[in-house]
Amino acid sequence: MAAKVWIPPSVPLHDIGEASFGTAAATIETVHGPDDRVQITDTANYPWRAHSSLLITAADNSQWIGTGWFIGPHTLATAGHVVHIKNSGVPGCDGWVKSIQVMPGRNAGFLPYGSVTSTNFRSVEGWTESGDENHDYGAIIIPTELGSTTGWFGLGVWPDADLLGTSGNISGYPGDQPVGTQWYDARVISSVNALKVYYDIDTAGGQSGSAVYREHNDGRYAIAVHAYGGPTTNSGTRITRAVYDNLRAWSA
């Protein structure tokens with residue numbers, strides 16, 4: 001797919017997390033202390049091209065931003081609240097989003113791999129029915145095999161001790177930086193529980209759905225889906241065996 005220049009919407013867009021959680025909850029997903037994020041400019045190279053900027057159109061035609069990442073030729077993983085909005089309080093907004101424009105390796109207005117629009121999404125009932133943050137993950141199925149060009153991330157299910165001894169990495173498209181630019185940070189995992197991973201990795205709204213990944217044996221493997229903020233740590237939905245099995249099934 002040929003590279004092209006994309007003209008973004010003229011109105012600044014907000015993080016998709018605000019649709020389900022409100023502005024206050026979304027803005028807590030922030031930098032803790034000094035901002036350690038660095039901008040990625042070689043986004044046409046792996047692994048940066050496996051991350052995608054998302055332009056999300058909700059059921060009520062409102063538009064939002066988020067992040068996704070390839071897990072196979074035609075599938076991206078992301079947060080559940082990226083593909084299915086809960087408890088917005090806005091008539092006609094809740095439920096499955098209408099469409100998502102996927103822009104791999106985007107760098108501002110430059111799209112090194114073009115874009116593709118999806119109307120085919122996945123999540124689990126723990127999110128779509130209950131809005132349970134422990135089950136906040138989903139997938140975007142695209143109608144092409146663009147992931148075969150960009151490459152993708154592996155998925156890893158590790159015990160607590162292994163996760164606590166590793167560095168987590170997050171790269172995505174935060175809304176507090178120039179529109180459509182990709183930013184990266186890494187730090188050792190702070191804590192884990194059965195369904196969540198916690199980390200003091202700097203993020204901002206717009207990075208909902210980013211991969212939290214580790215480097216292992218020359219590969220990159222997601223250990224969580226970034227979804228939430230907190231006063232001292234941000235957090236993501238842990239890649240458990242059940243999450244792994246669902247993501248693998250959705251990417252088949």
# chains A, B, ... in the order shown; residues from 1 in each chain; ligands from 1
$ closest_atom_pairs --of "segment 77-181 of chain A" --to "segment 189-211 of chain A" --cutoff "9 Å" --atoms "only C-alpha atoms" --output "JSON lines"
{"residue": "A:Ala77", "atom": "CA", "partner": "A:Gly209", "partner_atom": "CA", "distance": 7.3}
{"residue": "A:Thr78", "atom": "CA", "partner": "A:Gly209", "partner_atom": "CA", "distance": 3.9}
{"residue": "A:Ala79", "atom": "CA", "partner": "A:Gly209", "partner_atom": "CA", "distance": 4.2}
{"residue": "A:Gly80", "atom": "CA", "partner": "A:Gly209", "partner_atom": "CA", "distance": 7.9}
{"residue": "A:His81", "atom": "CA", "partner": "A:Ser208", "partner_atom": "CA", "distance": 8.3}
{"residue": "A:Val82", "atom": "CA", "partner": "A:Gly209", "partner_atom": "CA", "distance": 6.9}
{"residue": "A:Glu133", "atom": "CA", "partner": "A:Lys196", "partner_atom": "CA", "distance": 8.9}
{"residue": "A:Asn134", "atom": "CA", "partner": "A:Leu195", "partner_atom": "CA", "distance": 5.8}
{"residue": "A:His135", "atom": "CA", "partner": "A:Leu195", "partner_atom": "CA", "distance": 7.9}
{"residue": "A:Tyr137", "atom": "CA", "partner": "A:Gly209", "partner_atom": "CA", "distance": 7.6}
{"residue": "A:Gly138", "atom": "CA", "partner": "A:Gly209", "partner_atom": "CA", "distance": 8.5}
{"residue": "A:Phe153", "atom": "CA", "partner": "A:Ala211", "partner_atom": "CA", "distance": 8.6}
{"residue": "A:Asp160", "atom": "CA", "partner": "A:Val192", "partner_atom": "CA", "distance": 6.6}
{"residue": "A:Leu163", "atom": "CA", "partner": "A:Ile189", "partner_atom": "CA", "distance": 6.7}
{"residue": "A:Leu164", "atom": "CA", "partner": "A:Ile189", "partner_atom": "CA", "distance": 5.4}
{"residue": "A:Gly165", "atom": "CA", "partner": "A:Ile189", "partner_atom": "CA", "distance": 7.2}
{"residue": "A:Thr166", "atom": "CA", "partner": "A:Ile189", "partner_atom": "CA", "distance": 6.3}
{"residue": "A:Ser167", "atom": "CA", "partner": "A:Ile189", "partner_atom": "CA", "distance": 5.9}
{"residue": "A:Gly168", "atom": "CA", "partner": "A:Ile189", "partner_atom": "CA", "distance": 5.8}
{"residue": "A:Asn169", "atom": "CA", "partner": "A:Ile201", "partner_atom": "CA", "distance": 7.7}
{"residue": "A:Ile170", "atom": "CA", "partner": "A:Ala211", "partner_atom": "CA", "distance": 6.0}
{"residue": "A:Ser171", "atom": "CA", "partner": "A:Ser210", "partner_atom": "CA", "distance": 6.6}
{"residue": "A:Gly172", "atom": "CA", "partner": "A:Gln207", "partner_atom": "CA", "distance": 5.2}
{"residue": "A:Tyr173", "atom": "CA", "partner": "A:Gln207", "partner_atom": "CA", "distance": 5.3}
{"residue": "A:Pro174", "atom": "CA", "partner": "A:Gly206", "partner_atom": "CA", "distance": 4.3}
{"residue": "A:Gly175", "atom": "CA", "partner": "A:Gly206", "partner_atom": "CA", "distance": 5.0}
{"residue": "A:Asp176", "atom": "CA", "partner": "A:Ala204", "partner_atom": "CA", "distance": 6.7}
{"residue": "A:Gln177", "atom": "CA", "partner": "A:Ala204", "partner_atom": "CA", "distance": 9.0}
$ write_last_selection --atoms "C-alpha atoms" --output "compact mmCIF listing (two decimals), in the first residue's frame"
# COMPACT_ATOMS: atom_id res chain seq x y z
CA ALA A 77 -5.48 -5.86 19.50
CA THR A 78 -6.72 -2.87 21.47
CA ALA A 79 -8.74 -1.99 24.56
CA GLY A 80 -12.36 -3.11 24.82
CA HIS A 81 -13.45 0.49 25.33
CA VAL A 82 -11.91 1.39 21.96
CA GLU A 133 -12.04 -3.14 33.68
CA ASN A 134 -10.50 -6.56 34.31
CA HIS A 135 -11.84 -7.64 30.92
CA TYR A 137 -9.66 -5.75 25.75
CA GLY A 138 -10.77 -6.28 22.19
CA PHE A 153 3.70 -8.57 18.08
CA ASP A 160 4.04 -13.10 38.23
CA LEU A 163 6.62 -10.08 34.80
CA LEU A 164 7.92 -8.31 37.92
CA GLY A 165 11.47 -8.81 36.72
CA THR A 166 10.99 -7.34 33.26
CA SER A 167 10.75 -3.92 31.63
CA GLY A 168 7.44 -2.97 30.08
CA ASN A 169 7.39 -0.94 26.86
CA ILE A 170 4.55 1.21 25.53
CA SER A 171 4.38 3.13 22.27
CA GLY A 172 1.28 4.85 20.97
CA TYR A 173 -0.50 7.99 19.92
CA PRO A 174 -1.16 10.34 22.88
CA GLY A 175 -3.46 13.30 22.47
CA ASP A 176 -1.24 15.70 24.43
CA GLN A 177 1.44 15.72 21.70
$ select_by_dssp --residues "segment 8-88 of chain A" --states "alpha helix (DSSP H)" --output "list in words"
Gly17, Glu18, Ala19, Ser20, Phe21, Gly22, Thr23, Ala24, Ala25, Ala26, Thr27, Gly80, His81, Val82 and Val83 of chain A
$ residues_around --residues "segment 248-251 of chain A" --least-positions-apart "5" --cutoff "9 Å" --atoms "only C-alpha atoms" --output "PyMOL selection string"
chain A and resi 71-76+122+139-141+155+243
